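Visitor: Next comes input08.tsv, TSV, C-alpha atoms and all ligand atoms:
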chain	number	residue	atom	x	y	z
A	1394	MET	CA	214.44	-29.06	108.97
A	1395	ARG	CA	211.25	-28.61	106.98
A	1396	ARG	CA	212.89	-26.82	104.13
A	1397	GLY	CA	212.74	-28.80	100.91
A	1398	VAL	CA	210.20	-31.28	102.21
A	1399	ALA	CA	207.49	-30.27	99.74
A	1400	ALA	CA	209.90	-30.56	96.83
A	1401	ALA	CA	210.89	-34.02	97.96
A	1402	LEU	CA	207.35	-35.39	97.83
A	1403	ALA	CA	205.77	-36.96	94.81
A	1404	ALA	CA	202.12	-37.80	94.41
A	1405	ILE	CA	201.62	-41.05	92.56
A	1406	ALA	CA	198.69	-43.27	91.78
A	1407	ALA	CA	198.62	-47.00	92.48
A	1408	CYS	CA	197.98	-47.95	88.90
A	1409	VAL	CA	201.23	-46.61	87.42
A	1410	MET	CA	203.78	-47.63	89.94
A	1411	PHE	CA	204.70	-51.27	89.71
A	1412	ALA	CA	208.40	-50.77	89.51
A	1413	PRO	CA	211.04	-53.06	88.11
A	1414	ALA	CA	214.04	-54.24	90.14
A	1415	LEU	CA	212.29	-54.90	93.43
A	1416	ASP	CA	212.73	-58.15	95.31
A	1417	ALA	CA	210.30	-60.92	95.69
A	1418	TYR	CA	206.62	-60.52	95.55
A	1419	LEU	CA	205.37	-57.52	93.61
A	1420	LYS	CA	205.83	-54.52	95.85
A	1421	LEU	CA	204.89	-51.00	94.96
A	1422	GLY	CA	207.77	-48.78	94.07
A	1423	THR	CA	208.65	-45.72	92.13
A	1424	THR	CA	211.73	-44.81	90.14
A	1425	ILE	CA	213.31	-41.46	91.00
A	1426	ASN	CA	216.47	-40.38	89.18
A	1427	GLY	CA	217.11	-43.96	88.09
A	1428	ARG	CA	216.82	-45.34	91.62
A	1429	VAL	CA	213.99	-47.69	92.54
A	1430	LEU	CA	212.38	-46.97	95.87
A	1431	SER	CA	210.19	-49.56	97.50
A	1432	LEU	CA	207.23	-47.89	99.20
A	1433	HIS	CA	206.65	-48.46	102.89
A	1434	TRP	CA	205.54	-46.73	106.09
A	1435	THR	CA	208.15	-45.99	108.71
A	1436	GLN	CA	206.01	-43.71	110.90
A	1437	LEU	CA	203.81	-46.04	112.90
A	1438	PRO	CA	201.02	-46.18	113.79
A	1439	ILE	CA	199.49	-45.23	110.44
A	1440	ARG	CA	196.99	-42.51	111.38
A	1441	TYR	CA	193.93	-42.42	109.13
A	1442	PHE	CA	190.64	-40.57	108.86
A	1443	VAL	CA	187.36	-41.90	107.49
A	1444	THR	CA	185.04	-39.71	105.44
A	1445	ASP	CA	181.72	-39.26	107.24
A	1446	ARG	CA	179.65	-40.36	104.27
A	1447	SER	CA	177.21	-43.30	104.19
A	1448	VAL	CA	175.84	-45.23	101.23
A	1449	ALA	CA	172.84	-47.55	100.96
A	1450	GLU	CA	173.39	-50.44	103.41
A	1451	VAL	CA	176.81	-49.23	104.62
A	1452	THR	CA	176.86	-46.41	107.17
A	1453	SER	CA	180.02	-44.41	107.77
A	1454	GLN	CA	180.28	-46.16	111.18
A	1455	GLN	CA	180.12	-49.57	109.48
A	1456	LEU	CA	182.72	-48.43	106.97
A	1457	GLN	CA	185.01	-47.30	109.80
A	1458	GLN	CA	184.64	-50.63	111.63
A	1459	THR	CA	185.31	-52.51	108.40
A	1460	ILE	CA	188.44	-50.47	107.73
A	1461	ALA	CA	189.69	-51.01	111.30
A	1462	THR	CA	189.18	-54.76	110.86
A	1463	ALA	CA	191.10	-54.76	107.57
A	1464	PHE	CA	194.06	-52.87	109.11
A	1465	SER	CA	194.03	-55.36	112.01
A	1466	THR	CA	193.97	-58.33	109.63
A	1467	TRP	CA	197.19	-57.16	107.96
A	1468	ALA	CA	198.82	-56.23	111.28
A	1469	ALA	CA	197.95	-59.66	112.76
A	1470	VAL	CA	200.14	-61.51	110.24
A	1471	PRO	CA	202.84	-63.35	112.23
A	1472	GLY	CA	206.28	-61.76	112.08
A	1473	VAL	CA	205.26	-58.28	110.96
A	1474	SER	CA	205.58	-55.00	112.80
A	1475	LEU	CA	202.61	-52.82	111.83
A	1476	SER	CA	200.02	-50.67	113.58
A	1477	SER	CA	197.31	-48.17	112.74
A	1478	GLN	CA	195.12	-45.67	114.54
A	1479	PHE	CA	191.69	-44.28	113.61
A	1480	ALA	CA	192.08	-40.50	113.95
A	1481	GLY	CA	188.40	-39.62	113.51
A	1482	PHE	CA	185.65	-38.92	111.00
A	1483	THR	CA	186.14	-36.08	108.56
A	1484	GLN	CA	184.06	-34.13	106.07
A	1485	VAL	CA	187.00	-34.33	103.67
A	1486	GLY	CA	186.63	-36.85	100.84
A	1487	PRO	CA	189.37	-39.34	99.93
A	1488	LEU	CA	190.00	-37.65	96.59
A	1489	ASP	CA	190.22	-34.14	98.03
A	1490	ASN	CA	193.65	-32.59	98.16
A	1491	ASN	CA	195.04	-32.47	101.69
A	1492	ASN	CA	197.87	-33.83	103.77
A	1493	LEU	CA	195.83	-36.46	105.58
A	1494	THR	CA	195.34	-40.17	104.99
A	1495	VAL	CA	191.62	-40.42	104.23
A	1496	LEU	CA	189.50	-43.46	103.35
A	1497	GLY	CA	185.89	-43.19	102.25
A	1498	PHE	CA	183.16	-43.38	99.63
A	1499	GLU	CA	183.20	-41.21	96.56
A	1500	ASN	CA	180.82	-41.38	93.61
A	1501	ARG	CA	182.67	-41.96	90.32
A	1502	PRO	CA	180.13	-43.54	87.92
A	1503	GLN	CA	182.45	-42.97	84.93
A	1504	LEU	CA	184.96	-45.40	86.54
A	1505	ASP	CA	182.64	-48.30	85.82
A	1506	ARG	CA	185.31	-51.01	86.35
A	1507	VAL	CA	186.90	-49.54	89.48
A	1508	LEU	CA	185.53	-50.62	92.86
A	1509	GLY	CA	188.23	-48.73	94.70
A	1510	SER	CA	191.70	-47.32	94.34
A	1511	THR	CA	194.64	-46.20	96.42
A	1512	SER	CA	196.94	-43.22	95.89
A	1513	PHE	CA	200.08	-42.10	97.69
A	1514	THR	CA	202.29	-39.19	98.54
A	1515	VAL	CA	205.83	-40.45	98.94
A	1516	ASP	CA	209.12	-39.02	100.18
A	1517	VAL	CA	211.23	-39.47	97.06
A	1518	ILE	CA	214.48	-39.66	99.03
A	1519	THR	CA	213.51	-42.55	101.27
A	1520	GLY	CA	210.42	-44.17	99.72
A	1521	ASP	CA	208.52	-43.47	102.95
A	1522	ILE	CA	204.78	-43.15	102.43
A	1523	VAL	CA	203.67	-39.91	104.09
A	1524	GLU	CA	200.03	-40.02	103.02
A	1525	SER	CA	197.76	-42.53	101.28
A	1526	ASP	CA	194.11	-42.20	100.33
A	1527	ILE	CA	191.59	-44.88	99.43
A	1528	PHE	CA	188.33	-44.26	97.67
A	1529	PHE	CA	185.52	-46.79	97.41
A	1530	ASN	CA	183.31	-46.15	94.42
A	1531	SER	CA	179.75	-45.57	95.63
A	1532	ALA	CA	178.49	-46.01	92.06
A	1533	PHE	CA	178.50	-49.74	92.96
A	1534	ALA	CA	176.15	-51.48	95.41
A	1535	TRP	CA	177.96	-52.31	98.69
A	1536	SER	CA	177.27	-54.49	101.69
A	1537	ALA	CA	178.75	-54.82	105.17
A	1538	ALA	CA	176.59	-57.87	106.06
A	1539	ALA	CA	178.47	-60.58	107.95
A	1540	GLY	CA	177.83	-63.24	105.34
A	1541	GLY	CA	177.70	-60.95	102.30
A	1542	GLU	CA	174.65	-60.08	100.25
A	1543	THR	CA	173.60	-61.16	96.76
A	1544	GLY	CA	174.27	-58.52	94.13
A	1545	ARG	CA	176.35	-56.32	96.45
A	1546	PHE	CA	180.13	-56.06	96.76
A	1547	ASP	CA	181.58	-56.87	100.16
A	1548	ILE	CA	183.19	-53.73	101.57
A	1549	GLY	CA	185.35	-55.86	103.92
A	1550	SER	CA	186.91	-57.76	101.00
A	1551	ILE	CA	187.64	-54.69	98.90
A	1552	ALA	CA	188.94	-52.75	101.93
A	1553	LEU	CA	191.40	-55.57	102.70
A	1554	HIS	CA	192.73	-55.41	99.11
A	1555	GLU	CA	193.05	-51.62	99.01
A	1556	ILE	CA	194.65	-51.47	102.46
A	1557	GLY	CA	197.18	-54.02	101.13
A	1558	HIS	CA	198.07	-51.39	98.51
A	1559	LEU	CA	198.13	-48.68	101.18
A	1560	HIS	CA	200.85	-50.70	102.95
A	1561	GLY	CA	202.94	-50.75	99.74
A	1562	MET	CA	201.88	-54.04	98.19
A	1563	GLY	CA	201.35	-54.50	94.47
A	1564	HIS	CA	199.22	-57.08	92.72
A	1565	SER	CA	199.59	-60.84	92.86
A	1566	ALA	CA	199.15	-62.85	89.66
A	1567	LEU	CA	197.95	-65.99	91.44
A	1568	GLY	CA	194.55	-66.30	89.83
A	1569	GLU	CA	192.67	-67.30	86.72
A	1570	THR	CA	190.01	-65.30	84.91
A	1571	GLN	CA	187.74	-65.83	81.97
A	1572	LEU	CA	186.69	-63.17	79.49
A	1573	ILE	CA	182.95	-62.63	79.58
A	1574	ALA	CA	180.70	-59.98	78.07
A	1575	GLY	CA	181.50	-56.69	79.76
A	1576	GLY	CA	184.66	-57.74	81.58
A	1577	ARG	CA	186.32	-60.67	83.32
A	1578	ARG	CA	185.08	-63.29	85.70
A	1579	VAL	CA	187.38	-64.73	88.35
A	1580	ILE	CA	187.48	-68.53	88.13
A	1581	ALA	CA	189.94	-68.94	91.01
A	1582	LYS	CA	192.43	-66.88	92.94
A	1583	GLU	CA	194.99	-67.55	95.61
A	1584	ALA	CA	195.54	-63.98	96.79
A	1585	VAL	CA	193.45	-61.08	98.06
A	1586	MET	CA	195.94	-58.94	96.09
A	1587	PHE	CA	194.90	-60.47	92.75
A	1588	PRO	CA	193.77	-57.43	90.70
A	1589	ILE	CA	190.26	-58.62	89.88
A	1590	ALA	CA	187.58	-58.95	92.53
A	1591	PHE	CA	185.30	-61.91	93.03
A	1592	ALA	CA	181.73	-61.42	91.82
A	1593	ALA	CA	179.35	-59.46	94.04
A	1594	GLY	CA	177.94	-61.37	97.01
A	1595	THR	CA	180.99	-63.31	98.23
A	1596	VAL	CA	183.11	-62.56	101.30
A	1597	ALA	CA	186.02	-64.84	100.32
A	1598	ASP	CA	188.50	-61.97	100.18
A	1599	ARG	CA	188.18	-61.16	103.86
A	1600	THR	CA	190.83	-63.83	104.48
A	1601	LEU	CA	194.50	-63.39	103.55
A	1602	ARG	CA	196.19	-66.18	101.59
A	1603	ALA	CA	199.78	-67.43	101.73
A	1604	ASP	CA	200.93	-65.07	98.96
A	1605	ASP	CA	199.40	-62.01	100.69
A	1606	ILE	CA	201.01	-63.05	103.97
A	1607	ALA	CA	204.43	-63.49	102.36
A	1608	GLY	CA	204.07	-60.09	100.69
A	1609	ILE	CA	203.37	-58.15	103.89
A	1610	GLU	CA	206.09	-60.09	105.73
A	1611	ASP	CA	208.55	-59.23	102.97
A	1612	ILE	CA	207.96	-55.49	103.56
A	1613	TYR	CA	207.35	-55.34	107.33
A	1614	GLY	CA	208.91	-58.55	108.65
A	1615	THR	CA	210.86	-58.21	111.92
A	1616	SER	CA	214.50	-59.28	112.06
A	1617	ALA	CA	213.43	-62.35	114.05
A	1618	PHE	CA	211.06	-63.22	111.20
A	1619	ARG	CA	213.82	-62.81	108.61
A	1620	GLN	CA	216.06	-65.14	110.60
A	1621	SER	CA	213.37	-67.81	110.68
A	1622	SER	CA	212.27	-67.61	107.03
A	1623	GLY	CA	214.10	-68.04	103.73
A	1624	SER	CA	213.98	-67.17	100.07
A	1625	ILE	CA	214.56	-68.53	96.58
A	1626	GLY	CA	216.66	-66.67	94.03
A	1627	GLY	CA	217.66	-67.29	90.45
A	1628	HIS	CA	217.06	-66.33	86.84
A	1629	VAL	CA	214.69	-67.06	84.00
A	1630	THR	CA	216.45	-67.20	80.63
A	1631	LYS	CA	215.49	-67.97	77.04
A	1632	ASN	CA	218.22	-68.75	74.48
A	1633	GLY	CA	220.75	-67.40	76.97
A	1634	SER	CA	219.04	-64.02	77.52
A	1635	GLY	CA	217.08	-62.84	80.54
A	1636	VAL	CA	213.27	-62.97	80.47
A	1637	GLN	CA	211.63	-59.91	82.05
A	1638	GLY	CA	208.18	-60.00	83.66
A	1639	ALA	CA	208.01	-63.80	84.04
A	1640	HIS	CA	205.77	-65.09	86.84
A	1641	VAL	CA	207.69	-67.48	89.11
A	1642	ILE	CA	205.72	-69.59	91.57
A	1643	ALA	CA	206.99	-71.51	94.61
A	1644	PHE	CA	204.74	-74.32	95.86
A	1645	ASN	CA	205.31	-76.01	99.20
A	1646	PRO	CA	203.79	-79.51	98.91
A	1647	LYS	CA	203.83	-80.02	102.67
A	1648	THR	CA	201.82	-76.92	103.57
A	1649	GLY	CA	200.04	-76.40	100.24
A	1650	LYS	CA	201.14	-72.76	100.23
A	1651	LEU	CA	201.67	-70.92	96.95
A	1652	VAL	CA	203.88	-67.82	96.90
A	1653	ALA	CA	204.99	-66.08	93.73
A	1654	GLY	CA	207.22	-63.35	92.39
A	1655	PHE	CA	208.36	-61.89	89.08
A	1656	THR	CA	211.57	-61.40	87.16
A	1657	LEU	CA	211.94	-57.66	87.39
A	1658	SER	CA	215.11	-56.87	85.45
A	1659	ALA	CA	216.52	-57.45	81.98
A	1660	ASP	CA	218.81	-60.26	83.23
A	1661	GLY	CA	215.74	-62.26	84.31
A	1662	ALA	CA	216.62	-62.26	88.02
A	1663	PHE	CA	213.97	-63.07	90.60
A	1664	THR	CA	213.72	-63.46	94.38
A	1665	ILE	CA	210.80	-64.96	96.28
A	1666	ALA	CA	211.15	-64.04	99.95
A	1667	ALA	CA	209.32	-64.68	103.24
A	1668	LEU	CA	209.09	-68.43	102.66
A	1669	ASP	CA	208.82	-71.14	105.32
A	1670	PRO	CA	212.00	-73.24	105.31
A	1671	GLY	CA	211.40	-76.53	103.49
A	1672	PHE	CA	210.99	-78.14	100.11
A	1673	TYR	CA	209.54	-76.29	97.10
A	1674	VAL	CA	208.46	-77.03	93.57
A	1675	VAL	CA	209.22	-74.01	91.34
A	1676	ARG	CA	207.40	-73.18	88.14
A	1677	VAL	CA	207.64	-70.28	85.69
A	1678	GLU	CA	204.90	-69.09	83.36
A	1679	PRO	CA	204.18	-66.01	81.26
A	1680	LEU	CA	201.70	-63.49	82.66
A	1681	ASP	CA	198.22	-63.69	81.25
A	1682	ASP	CA	198.60	-61.15	78.42
A	1683	ALA	CA	195.16	-59.65	78.99
A	1684	ASP	CA	196.23	-58.60	82.48
A	1685	VAL	CA	199.73	-57.23	81.95
A	1686	THR	CA	198.78	-53.64	82.69
A	1687	SER	CA	197.37	-54.71	86.06
A	1688	PHE	CA	200.93	-55.54	87.15
A	1689	PHE	CA	203.40	-53.37	85.24
A	1690	PRO	CA	203.42	-49.92	83.67
A	1691	GLY	CA	203.32	-49.70	79.89
A	1692	SER	CA	207.01	-48.74	79.82
A	1693	PHE	CA	208.02	-52.06	81.40
A	1694	ASN	CA	208.83	-54.63	78.73
A	1695	VAL	CA	207.09	-57.91	79.66
A	1696	ASP	CA	208.08	-61.05	77.72
A	1697	LEU	CA	205.03	-63.27	77.16
A	1698	SER	CA	206.35	-65.53	74.41
A	1699	PHE	CA	207.68	-68.56	76.23
A	1700	GLN	CA	206.31	-71.87	77.41
A	1701	PRO	CA	205.65	-72.58	81.10
A	1702	ALA	CA	208.31	-74.76	82.71
A	1703	PHE	CA	209.13	-76.47	86.01
A	1704	TYR	CA	212.54	-76.34	87.64
A	1705	ASP	CA	213.96	-79.84	87.31
A	1706	LYS	CA	214.95	-80.20	90.98
A	1707	VAL	CA	213.20	-79.79	94.30
A	1708	VAL	CA	214.42	-76.54	95.90
A	1709	VAL	CA	215.37	-76.61	99.58
A	1710	VAL	CA	214.82	-73.26	101.31
A	1711	PRO	CA	217.10	-72.82	104.33
A	1712	ARG	CA	216.15	-71.08	107.56
A	1713	GLY	CA	217.42	-67.49	107.44
A	1714	GLY	CA	219.04	-67.90	104.03
A	1715	THR	CA	218.50	-68.08	100.29
A	1716	ALA	CA	218.27	-71.07	97.97
A	1717	SER	CA	220.14	-69.35	95.16
A	1718	GLY	CA	221.08	-70.47	91.67
A	1719	VAL	CA	217.60	-71.57	90.64
A	1720	GLU	CA	218.15	-71.19	86.89
A	1721	LEU	CA	214.96	-71.69	84.88
A	1722	LYS	CA	215.54	-72.11	81.15
A	1723	VAL	CA	212.45	-71.61	79.03
A	1724	VAL	CA	211.80	-72.16	75.33
A	1725	PRO	CA	209.93	-69.81	72.97
A	1726	LYS	CA	206.21	-70.37	72.50
B	1801	ZN	ZN	194.44	-53.49	93.36
Can I see the file as structure tokens?
Ligand SMILES: [Zn+2]

Guide:
Amino acid sequence: MRRGVAAALAAIAACVMFAPALDAYLKLGTTINGRVLSLHWTQLPIRYFVTDRSVAEVTSQQLQQTIATAFSTWAAVPGVSLSSQFAGFTQVGPLDNNNLTVLGFENRPQLDRVLGSTSFTVDVITGDIVESDIFFNSAFAWSAAAGGETGRFDIGSIALHEIGHLHGMGHSALGETQLIAGGRRVIAKEAVMFPIAFAAGTVADRTLRADDIAGIEDIYGTSAFRQSSGSIGGHVTKNGSGVQGAHVIAFNPKTGKLVAGFTLSADGAFTIAALDPGFYVVRVEPLDDADVTSFFPGSFNVDLSFQPAFYDKVVVVPRGGTASGVELKVVPK
């Protein structure tokens, strides 16, 4: 039974694996022999180790408690089937080669824009994640204080984001940033899975938003959940041709929830899943061109040259079904 297992595993890093042709939300995937596999865990609970390494103001015990809280926050989303188990402290670092899922601090001062990152080993036949490691960059100043701490990044917020990746989630584009000297500043964001962190000192990303919740439900939703939620499907076209990489946003005016997806194929098709049944306003916009590589690999052709547009009708999402035929026609910029 074990024969061939090693050959069927691929090690991949989070930053190069936002695959085209996946439904809804941006999920992590990888293309093997022309087939797109969506990454997910099937062996539950997810067993993880924590590196026994403390940094200033965050002990390894505090890190472990923070990580346990972040796993619980994702698992507590209504309608999902997820669980995890702390397997113990280890001397092994998250970037060391091994067959264990390890989360911990590692000092990488040369990665001066990376607070943390997630990597995977995946079964290339099934897309099952067999191992995932998260490193938190101890070159930054961290805090585990309940209310955050000025000048220090909140380990709880960054852990929640990275553990979203660990579950197979990609980045959300629901946010706005401003270019400033030395990087980007977040003006607003509506998802923990937005690729850029809030400034040091805030704890805002300890709380999942509607888009994060829809994303985890899309991957791990139970059949009962799928029967009680719905989706929107359609195409984005320009002069009769599909637009690839367009950001499509569904807004529910009754609940105020924003959930978004992308067109992931050359015909401009999109699906936004895990939606509450009800009325939606649908809008399409190009990705912010400065951030394209945060969402898609360089080989993925993203069309940025069109004007934002609203769908001209209110979309009614049915319970357990799809509001299909949402055809968004955009004009060149
Ligand atoms: Zn990320």

Visitor: When you count all atoms listed in the file, which of these residues is closest to Leu1488 of chain A: A:Val1443, A:Ala1590, A:Ile1548, A:Val1710?

Guide: A:Val1443

Visitor: Counting all atoms listed in the file, what are the residues of segment 1510-1593 of chain A within 8 Å of segment 1461-1484 of chain A, and for each of them which pair of atoms is the nearest and at what distance in Å, to one decimal? Sort the table by chain and rising number, as JSON lines.

Guide:
{"residue": "A:Gly1549", "atom": "CA", "partner": "A:Ala1463", "partner_atom": "CA", "distance": 6.9}
{"residue": "A:Ala1552", "atom": "CA", "partner": "A:Ala1463", "partner_atom": "CA", "distance": 6.4}
{"residue": "A:Leu1553", "atom": "CA", "partner": "A:Ala1463", "partner_atom": "CA", "distance": 4.9}
{"residue": "A:Ile1556", "atom": "CA", "partner": "A:Phe1464", "partner_atom": "CA", "distance": 6.8}
{"residue": "A:Gly1557", "atom": "CA", "partner": "A:Trp1467", "partner_atom": "CA", "distance": 7.5}

Visitor: Any residue with an atom at most 10 Å from ligand ZN 1801 (chain B) counts, using only C-alpha atoms and all ligand atoms. Which are they? Put them as number ranges by chain.

Guide: A: 1407-1408, 1507-1511, 1551, 1554-1559, 1562-1565, 1585-1590, 1687-1688

Visitor: Using only C-alpha atoms, which protein or nucleic acid residues come within 8 Å of segment 1653-1656 of chain A? Drop anything in the same chain fewer than 4 positions from it, and give the result as an MDAnalysis selection string.

Guide: chainID A and resid 1417:1419 1565:1567 1604 1628:1629 1636:1643 1661:1665

Visitor: Please identify all polymer residues within 7 Å of Trp1434 of chain A, counting all atoms listed in the file, omitting same-chain residues fewer than 2 positions from it, and present them as a VMD selection string.

Guide: chain A and resid 1436 1521 to 1522 1560

Visitor: Which of these residues is nearest to Tyr1673 of chain A, using all atoms listed in the file: A:Asn1645, A:Ser1692, A:Thr1686, A:Gln1700?

Guide: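 Of A:Asn1645, A:Ser1692, A:Thr1686, A:Gln1700, the one nearest Tyr1673 of chain A, counting all atoms listed in the file, is A:Asn1645.
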
Visitor: Kindly give the distance, in Å, that separates atom CA of Arg1599 of chain A and atom CA of Phe1618 of chain A, rounded to a single decimal.

Guide: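 We find that atom CA of Arg1599 of chain A and atom CA of Phe1618 of chain A lie 24.1 Å from each other.
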
Visitor: Identify which of the residues A:Pro1502, A:Gly1594, A:Gly1635, A:Gly1520 lies closest to Asn1694 of chain A, counting all atoms listed in the file when measuring atom-to-atom distances.

Guide: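 Smallest separation from Asn1694 of chain A among the options: A:Gly1635.
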
Visitor: So the first atom is atom CA of Asp1516 of chain A and the second is atom CA of Ala1667 of chain A; what is the distance between them in Å, to one decimal place?

Guide: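 Distance between the two atoms: 25.8 Å.
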
Visitor: Which distance in Å separates atom CA of Gly1691 of chain A and atom CA of Lys1582 of chain A, to one decimal?

Guide: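 Distance between the two atoms: 24.2 Å.
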
Visitor: Which of these residues is nearest to Arg1545 of chain A, using only C-alpha atoms: A:Leu1668, A:Val1596, A:Ala1702, A:Leu1601?

Guide: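 Residue with the minimum atom-to-atom distance to Arg1545 of chain A: A:Val1596.
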
Visitor: In terms of the shortest atom-to-atom distance over all atoms listed in the file, which of A:Glu1450, A:Asp1489, A:Glu1583, A:Asp1605 is closest to Asp1547 of chain A?

Guide: A:Glu1450

Visitor: Which residues, written as a ChimeraX atom specification, have at least one atom at most 8 Å from segment 1531-1537 of chain A, with all atoms listed in the file counted and residues fewer than 2 positions away on the same chain left out?

Guide: /A:1448-1451,1455-1456,1459,1498-1502,1505,1508,1529,1539,1541-1542,1544-1549

Visitor: Kindly indicate which residue among A:Ser1658, A:Asp1682, A:Ser1624, A:Val1695 lies nearest to Val1708 of chain A, using all atoms listed in the file for the distances.

Guide: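 Nearest candidate to Val1708 of chain A out of A:Ser1658, A:Asp1682, A:Ser1624, A:Val1695: A:Ser1624.
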
Visitor: In the coordinates of the file, take the point (217.7, -66.4, 94.3) and a cut-off of 7 Å; then, counting all atoms listed in the file, name each qualifying protein, DNA or RNA residue as a PyMOL selection string.

Guide: chain A and resi 1624-1627+1663-1664+1715-1719
